[in-house]
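Asker: Below is the file start17.cif, which contains mmCIF, C-alpha atoms.
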data_model
#
loop_
_atom_site.label_atom_id
_atom_site.label_comp_id
_atom_site.auth_asym_id
_atom_site.auth_seq_id
_atom_site.Cartn_x
_atom_site.Cartn_y
_atom_site.Cartn_z
CA MET I 29 0.00 0.00 0.00
CA SER I 30 1.35 3.42 -0.97
CA PRO I 31 2.02 6.12 1.65
CA LEU I 32 -0.88 8.14 0.25
CA ALA I 33 -3.25 5.18 0.60
CA GLN I 34 -2.02 4.49 4.14
CA ILE I 35 -2.63 8.06 5.25
CA GLU I 36 -6.01 8.20 3.53
CA SER I 37 -7.14 5.04 5.31
CA LEU I 38 -6.06 6.41 8.70
CA LEU I 39 -7.87 9.68 8.03
CA PHE I 40 -11.01 7.73 7.18
CA VAL I 41 -11.07 5.59 10.32
CA SER I 42 -10.20 8.54 12.58
CA GLY I 43 -13.62 10.03 11.78
CA ASP I 44 -14.65 13.46 13.01
CA GLU I 45 -11.94 13.51 15.71
CA GLY I 46 -9.27 13.51 13.01
CA ILE I 47 -5.67 12.45 13.45
CA THR I 48 -2.49 14.39 14.16
CA VAL I 49 0.64 14.50 12.03
CA ALA I 50 2.53 12.82 14.88
CA ASP I 51 0.06 9.93 14.99
CA LEU I 52 0.18 9.55 11.21
CA ALA I 53 3.97 9.39 11.36
CA ALA I 54 3.91 6.84 14.18
CA ALA I 55 1.38 4.61 12.43
CA THR I 56 2.99 4.68 8.98
CA GLY I 57 6.66 4.89 9.94
CA LEU I 58 7.07 7.93 7.71
CA LEU I 59 9.04 10.98 8.79
CA ARG I 60 7.08 14.14 9.53
CA PRO I 61 8.16 15.95 6.30
CA ALA I 62 7.02 12.95 4.26
CA VAL I 63 3.67 12.87 6.08
CA LEU I 64 3.12 16.58 5.41
CA ALA I 65 4.07 16.20 1.76
CA THR I 66 1.67 13.27 1.37
CA LEU I 67 -1.13 15.21 3.05
CA GLU I 68 -0.55 18.05 0.60
CA ARG I 69 -0.72 15.60 -2.32
CA LEU I 70 -3.95 14.17 -0.95
CA ALA I 71 -5.50 17.63 -0.53
CA GLN I 72 -4.56 18.53 -4.11
CA LYS I 73 -5.99 15.24 -5.34
CA TYR I 74 -9.38 15.93 -3.75
CA THR I 75 -9.43 19.54 -4.99
CA ALA I 76 -8.63 18.54 -8.56
CA ASP I 77 -11.07 15.61 -8.70
CA GLN I 78 -14.54 17.02 -9.44
CA ASP I 79 -16.00 13.53 -8.98
CA SER I 80 -14.77 13.34 -5.39
CA ALA I 81 -16.99 14.67 -2.61
CA LEU I 82 -14.14 14.74 -0.10
CA GLU I 83 -11.67 17.36 1.00
CA LEU I 84 -9.00 17.59 3.66
CA MET I 85 -9.46 19.91 6.61
CA VAL I 86 -6.70 20.88 9.05
CA ASN I 87 -6.98 22.43 12.50
CA ASP I 88 -3.58 23.12 14.02
CA THR I 89 -1.82 19.76 13.44
CA THR I 90 -4.99 17.63 13.29
CA TYR I 91 -6.28 16.53 9.90
CA ARG I 92 -9.69 15.09 9.05
CA LEU I 93 -11.65 14.08 5.99
CA VAL I 94 -14.83 16.07 5.40
CA THR I 95 -17.32 16.37 2.57
CA LYS I 96 -17.16 19.33 0.22
CA GLU I 97 -19.56 22.21 0.79
CA ALA I 98 -21.33 21.41 -2.48
CA ALA I 99 -22.60 18.18 -0.94
CA SER I 100 -24.04 19.81 2.21
CA GLU I 101 -27.67 19.99 1.07
CA LEU I 102 -27.63 16.41 -0.19
CA ILE I 103 -26.18 15.12 3.08
CA LYS I 104 -28.64 17.19 5.11
CA ARG I 105 -31.56 15.60 3.23
CA TYR I 106 -30.11 12.14 3.76
CA PHE I 107 -29.92 12.59 7.52
CA GLU I 108 -33.21 14.44 7.92
CA ASN I 109 -35.48 12.32 5.72
CA PRO I 110 -35.48 9.24 7.98
CA LEU I 111 -36.50 11.23 11.07
CA SER I 112 -39.97 9.67 11.04
CA THR I 113 -38.67 6.13 10.54
CA SER I 114 -37.43 3.62 13.06
CA LEU I 115 -33.82 3.59 14.17
CA SER I 116 -31.60 1.00 12.50
CA PRO I 117 -30.11 -1.84 14.58
CA ALA I 118 -26.70 -0.15 14.35
CA SER I 119 -28.13 3.15 15.56
CA LEU I 120 -29.88 1.45 18.47
CA GLU I 121 -26.67 -0.32 19.44
CA VAL I 122 -24.63 2.90 19.40
CA LEU I 123 -27.38 4.77 21.24
CA ALA I 124 -27.51 2.08 23.93
CA ILE I 125 -23.75 2.25 24.45
CA ILE I 126 -23.82 6.03 24.75
CA ALA I 127 -26.80 5.90 27.11
CA TYR I 128 -25.08 3.52 29.52
CA ARG I 129 -21.52 4.82 29.24
CA GLN I 130 -21.98 8.58 28.83
CA PRO I 131 -20.08 10.75 28.49
CA ILE I 132 -18.15 8.66 26.00
CA THR I 133 -15.93 9.27 22.97
CA ARG I 134 -16.68 7.90 19.55
CA ILE I 135 -13.45 5.88 19.67
CA GLU I 136 -14.62 4.20 22.89
CA VAL I 137 -17.89 3.32 21.15
CA ASP I 138 -15.86 1.82 18.29
CA GLU I 139 -13.84 -0.28 20.74
CA ILE I 140 -16.97 -1.67 22.35
CA ARG I 141 -18.66 -2.48 19.03
CA GLY I 142 -15.57 -3.58 17.16
CA VAL I 143 -16.54 -1.49 14.10
CA GLN I 144 -16.31 2.15 13.04
CA SER I 145 -19.24 4.26 14.31
CA ALA I 146 -18.56 7.83 13.14
CA SER I 147 -21.45 8.09 10.68
CA THR I 148 -23.90 6.45 13.10
CA VAL I 149 -22.96 8.84 15.91
CA GLN I 150 -23.35 11.80 13.55
CA LYS I 151 -26.77 10.59 12.48
CA LEU I 152 -27.87 10.32 16.12
CA VAL I 153 -26.62 13.87 16.71
CA LEU I 154 -28.65 15.14 13.76
CA ARG I 155 -31.70 13.30 15.08
CA ARG I 156 -31.16 15.17 18.37
CA LEU I 157 -30.93 11.93 20.37
CA VAL I 158 -27.24 12.50 21.13
CA GLU I 159 -25.36 15.73 21.79
CA ASP I 160 -21.81 16.96 22.36
CA ALA I 161 -20.63 16.82 25.97
CA GLY I 162 -17.35 18.70 25.63
CA ARG I 163 -13.95 17.18 24.95
CA LEU I 164 -11.79 14.69 26.79
CA ASP I 165 -8.72 16.23 28.40
CA GLU I 166 -6.12 14.08 26.68
CA PRO I 167 -4.00 14.28 23.51
CA GLY I 168 -6.18 15.00 20.51
CA ARG I 169 -9.02 16.19 22.78
CA PRO I 170 -11.64 13.83 21.31
CA LYS I 171 -15.30 14.82 21.53
CA LEU I 172 -17.48 13.37 24.27
CA TYR I 173 -21.09 12.41 23.61
CA ARG I 174 -24.14 12.02 25.82
CA THR I 175 -27.85 11.47 25.33
CA SER I 176 -30.11 14.52 25.08
CA ASP I 177 -33.32 15.56 26.82
CA TYR I 178 -35.09 14.62 23.59
CA PHE I 179 -33.71 11.09 24.02
CA LEU I 180 -35.65 10.81 27.29
CA ASP I 181 -38.86 12.03 25.63
CA TYR I 182 -38.36 9.79 22.60
CA PHE I 183 -38.15 6.64 24.72
CA GLY I 184 -40.63 7.64 27.38
CA LEU I 185 -38.10 8.08 30.17
CA LYS I 186 -38.25 10.61 32.97
CA GLN I 187 -34.57 10.24 33.83
CA LEU I 188 -31.60 8.09 32.84
CA THR I 189 -31.92 6.00 35.99
CA ASP I 190 -35.18 4.66 34.51
CA LEU I 191 -33.11 2.62 32.05
CA PRO I 192 -33.10 -1.10 32.85
CA PRO I 193 -29.88 -2.28 34.53
CA LEU I 194 -27.22 -3.91 32.41
CA PRO I 195 -27.13 -7.74 32.39
CA ALA I 196 -25.10 -9.20 35.24
CA ALA I 197 -22.48 -10.38 32.72
CA ALA I 198 -21.86 -6.87 31.45
CA ASN I 199 -19.07 -5.02 33.22
CA PRO I 200 -18.84 -1.70 31.36
CA SER I 201 -15.16 -1.29 32.18
CA ASP I 202 -14.34 -4.57 30.47
CA GLN I 203 -16.34 -4.13 27.27
CA SER I 204 -13.52 -3.29 24.87
CA ASP I 205 -13.16 -6.54 22.92
CA GLY I 206 -15.58 -5.65 20.12
CA ASP I 207 -18.41 -7.82 21.45
CA GLY I 208 -19.82 -5.59 24.17
CA GLY I 209 -22.45 -3.77 22.11
CA ASP I 210 -24.94 -6.63 22.31
CA LEU I 211 -24.97 -6.50 26.11
CA PHE I 212 -25.84 -2.80 26.14
CA LEU I 213 -28.45 -3.32 23.43
CA GLN I 214 -30.00 -6.23 25.32
CA ALA I 215 -30.69 -4.01 28.32
CA PHE I 216 -31.81 -1.10 26.14
CA ASN I 217 -34.29 -3.32 24.28
CA GLN I 218 -36.07 -3.96 27.56
CA GLN I 219 -37.01 -0.28 27.61
CA LEU I 220 -38.11 -0.41 23.96
CA ASN I 221 -40.32 -3.41 24.63
CA GLN I 222 -41.86 -1.69 27.66
CA SER I 223 -42.54 1.41 25.58
CA ASP I 224 -44.35 -0.70 22.96
CA GLU I 225 -46.69 -2.35 25.48
CA PRO I 226 -50.39 -1.40 25.20
CA GLY I 227 -51.22 1.68 27.24
CA ASP I 228 -47.74 3.17 26.94
CA GLU I 229 -47.21 6.37 25.03
CA ALA I 230 -45.50 6.07 21.64
#
Take the structure in this file and express it as structure tokens.
Answerer:
Amino acid sequence: MSPLAQIESLLFVSGDEGITVADLAAATGLLRPAVLATLERLAQKYTADQDSALELMVNDTTYRLVTKEAASELIKRYFENPLSTSLSPASLEVLAIIAYRQPITRIEVDEIRGVQSASTVQKLVLRRLVEDAGRLDEPGRPKLYRTSDYFLDYFGLKQLTDLPPLPAAANPSDQSDGDGGDLFLQAFNQQLNQSDEPGDEA
């Protein structure tokens, strides 16, 4: 795999938190000047390619992939159109993890699920079920997420303590092997089933 492809793949999986030049150098084994030169090539590639919807954004020494402004209306429609439809299984799983582990970073959600969750988290933010909760005080300052007041209304909860307890087998501090999402979802589904019972509000 070429240096450009390596850096592009790392930018993709880093999601909205982005990745620093130092981390790119450490992961690829490239020297900092080579990383910067490759990032410049990648930025030029996206700018020149009219069939690409991506561009490279930099904030200090942190780089991230974003969509071009021309795609903003299309993306907005994509996220807003399903507002009246049910949440997907992936969205429910991510939402359950955030609900039980908040405040939590997107990377921590990824570690629990074992798959990348950036787009799912963003969709939950746009549906107003999840909101920013500041940033973690560590290198890179990743965003923290929590459930919103609308989340409580949406699922018929008065407070977060109304959520069913996690299964006895689920120790939140140990769920980082990529298989923990099901345990959070199992508990969360109890609330969904209760909300669907006759007499409960939708």
Asker: Using all atoms listed in the file, which of the listed residues (I:Tyr74, I:Phe40, I:Tyr91, I:Tyr128) sits closest to Arg174 of chain I?
Answerer: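 Looking at the shortest contact to Arg174 of chain I, the residue is I:Tyr128.
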Asker: Please write as a VMD selection string the full residue list that the PyMOL selection byres ((chain I and resi 80) around 12) yields on this file.
Answerer: chain I and resid 70 to 79 81 to 84 93 to 99
Asker: So what do you get for atom CA of Leu172 of chain I versus atom CA of Glu136 of chain I, distance-wise?
Answerer: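 Taking atom CA of Leu172 of chain I as the start and atom CA of Glu136 of chain I as the end point, the length is 9.7 Å.
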Asker: Please provide as a ChimeraX atom specification all residues within 9 Å of Gln130 of chain I, with the sequence filter that same-chain residues fewer than 4 positions apart are discarded (counting only C-alpha atoms).
Answerer: /I:125-126,161,172-175
Asker: Looking at only C-alpha atoms, which of I:Leu185, I:Leu120, I:Val86, I:Ala33 is the one that sits closest to Val49 of chain I?
Answerer: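 Of I:Leu185, I:Leu120, I:Val86, I:Ala33, the one nearest Val49 of chain I, counting only C-alpha atoms, is I:Val86.
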Asker: With all atoms listed in the file as the basis for distance, which of I:Gly43, I:Pro31, I:Gly142, I:Gly168 is at the shortest distance from Glu121 of chain I?
Answerer: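 Of the candidates, the smallest distance to Glu121 of chain I is held by I:Gly142.
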Asker: Write out as a list in words the residues lying within 12 Å of Gln150 of chain I, counting only C-alpha atoms and excluding same-chain residues fewer than 6 positions away.
Answerer: Gly43, Asp44, Glu45, Ile103, Lys104, Tyr106, Phe107, Glu108, Ser119, Val122, Leu123, Arg134, Gln144, Arg156, Leu157, Val158, Glu159, Asp160, Lys171 and Tyr173 of chain I
Asker: Restricting the calculation to only C-alpha atoms: of I:Ser114, I:Ser30, I:Thr189, I:Asn87, which residue gets closest to Thr66 of chain I?
Answerer: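 Among the listed residues, I:Ser30 lies closest to Thr66 of chain I.
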Asker: So what do you get for atom CA of Val153 of chain I versus atom CA of Ile132 of chain I, distance-wise?
Answerer: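 Here the two named atoms are 13.6 Å from each other.
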Asker: Suppose you want the space between atom CA of Gly57 of chain I and atom CA of Leu39 of chain I; what is it in Å?
Answerer: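 If I compute the distance from atom CA of Gly57 of chain I to atom CA of Leu39 of chain I, I get 15.4 Å.
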Asker: What box, with edges along x, y and z, holds each listed atom of segment 60-72 of chain I when 8 Å is added on every side, and can you state its centre and edge lengths in Å to one decimal, as AutoDock Vina command-line options?
Answerer:
--center_x 1.3 --center_y 15.7 --center_z 2.7 --size_x 29.7 --size_y 21.7 --size_z 29.6
Asker: Reconstruct segment 53-64 of chain I at the level of all heavy atoms, and format the result as a JSON list (two decimals), in the frame of the given file.
Answerer:
[["chain", "number", "residue", "atom", "x", "y", "z"],
["I", 53, "ALA", "N", 2.58, 9.80, 11.49],
["I", 53, "ALA", "CA", 3.97, 9.39, 11.36],
["I", 53, "ALA", "C", 4.24, 8.11, 12.13],
["I", 53, "ALA", "O", 4.92, 7.19, 11.65],
["I", 53, "ALA", "CB", 4.89, 10.51, 11.84],
["I", 54, "ALA", "N", 3.68, 8.02, 13.35],
["I", 54, "ALA", "CA", 3.91, 6.84, 14.18],
["I", 54, "ALA", "C", 3.27, 5.59, 13.56],
["I", 54, "ALA", "O", 3.85, 4.51, 13.60],
["I", 54, "ALA", "CB", 3.35, 7.07, 15.58],
["I", 55, "ALA", "N", 2.09, 5.75, 12.98],
["I", 55, "ALA", "CA", 1.38, 4.61, 12.43],
["I", 55, "ALA", "C", 1.97, 4.12, 11.12],
["I", 55, "ALA", "O", 1.98, 2.91, 10.83],
["I", 55, "ALA", "CB", -0.09, 4.96, 12.23],
["I", 56, "THR", "N", 2.48, 5.05, 10.30],
["I", 56, "THR", "CA", 2.99, 4.68, 8.98],
["I", 56, "THR", "C", 4.50, 4.45, 8.96],
["I", 56, "THR", "O", 5.02, 3.81, 8.03],
["I", 56, "THR", "CB", 2.66, 5.77, 7.95],
["I", 56, "THR", "OG1", 3.29, 7.01, 8.37],
["I", 56, "THR", "CG2", 1.16, 5.98, 7.84],
["I", 57, "GLY", "N", 5.21, 4.98, 9.95],
["I", 57, "GLY", "CA", 6.66, 4.89, 9.94],
["I", 57, "GLY", "C", 7.32, 5.93, 9.07],
["I", 57, "GLY", "O", 8.55, 5.92, 8.90],
["I", 58, "LEU", "N", 6.52, 6.87, 8.54],
["I", 58, "LEU", "CA", 7.07, 7.93, 7.71],
["I", 58, "LEU", "C", 7.57, 9.07, 8.59],
["I", 58, "LEU", "O", 7.07, 9.30, 9.69],
["I", 58, "LEU", "CB", 5.99, 8.47, 6.77],
["I", 58, "LEU", "CG", 5.40, 7.50, 5.74],
["I", 58, "LEU", "CD1", 4.20, 8.13, 5.05],
["I", 58, "LEU", "CD2", 6.46, 7.10, 4.72],
["I", 59, "LEU", "N", 8.57, 9.79, 8.09],
["I", 59, "LEU", "CA", 9.04, 10.98, 8.79],
["I", 59, "LEU", "C", 8.03, 12.10, 8.62],
["I", 59, "LEU", "O", 7.26, 12.13, 7.64],
["I", 59, "LEU", "CB", 10.41, 11.41, 8.25],
["I", 59, "LEU", "CG", 11.56, 10.42, 8.46],
["I", 59, "LEU", "CD1", 12.83, 10.94, 7.80],
["I", 59, "LEU", "CD2", 11.78, 10.14, 9.94],
["I", 60, "ARG", "N", 8.05, 13.05, 9.55],
["I", 60, "ARG", "CA", 7.08, 14.14, 9.53],
["I", 60, "ARG", "C", 7.05, 14.89, 8.19],
["I", 60, "ARG", "O", 5.97, 15.15, 7.65],
["I", 60, "ARG", "CB", 7.38, 15.10, 10.68],
["I", 60, "ARG", "CG", 6.43, 16.29, 10.77],
["I", 60, "ARG", "CD", 6.85, 17.24, 11.88],
["I", 60, "ARG", "NE", 6.02, 18.42, 11.90],
["I", 60, "ARG", "CZ", 4.89, 18.54, 12.59],
["I", 60, "ARG", "NH1", 4.47, 17.53, 13.30],
["I", 60, "ARG", "NH2", 4.19, 19.66, 12.54],
["I", 61, "PRO", "N", 8.21, 15.25, 7.60],
["I", 61, "PRO", "CA", 8.16, 15.95, 6.30],
["I", 61, "PRO", "C", 7.46, 15.13, 5.22],
["I", 61, "PRO", "O", 6.73, 15.68, 4.38],
["I", 61, "PRO", "CB", 9.63, 16.18, 5.96],
["I", 61, "PRO", "CG", 10.33, 16.19, 7.29],
["I", 61, "PRO", "CD", 9.61, 15.17, 8.10],
["I", 62, "ALA", "N", 7.67, 13.82, 5.25],
["I", 62, "ALA", "CA", 7.02, 12.95, 4.26],
["I", 62, "ALA", "C", 5.52, 12.90, 4.49],
["I", 62, "ALA", "O", 4.72, 12.87, 3.54],
["I", 62, "ALA", "CB", 7.61, 11.55, 4.33],
["I", 63, "VAL", "N", 5.10, 12.88, 5.76],
["I", 63, "VAL", "CA", 3.67, 12.87, 6.08],
["I", 63, "VAL", "C", 3.02, 14.16, 5.57],
["I", 63, "VAL", "O", 1.96, 14.14, 4.93],
["I", 63, "VAL", "CB", 3.44, 12.72, 7.60],
["I", 63, "VAL", "CG1", 1.97, 12.98, 7.95],
["I", 63, "VAL", "CG2", 3.86, 11.34, 8.07],
["I", 64, "LEU", "N", 3.66, 15.30, 5.85],
["I", 64, "LEU", "CA", 3.12, 16.58, 5.41],
["I", 64, "LEU", "C", 3.04, 16.68, 3.89],
["I", 64, "LEU", "O", 2.06, 17.20, 3.34],
["I", 64, "LEU", "CB", 3.97, 17.73, 5.98],
["I", 64, "LEU", "CG", 3.88, 17.93, 7.49],
["I", 64, "LEU", "CD1", 4.92, 18.94, 7.96],
["I", 64, "LEU", "CD2", 2.47, 18.39, 7.89]]
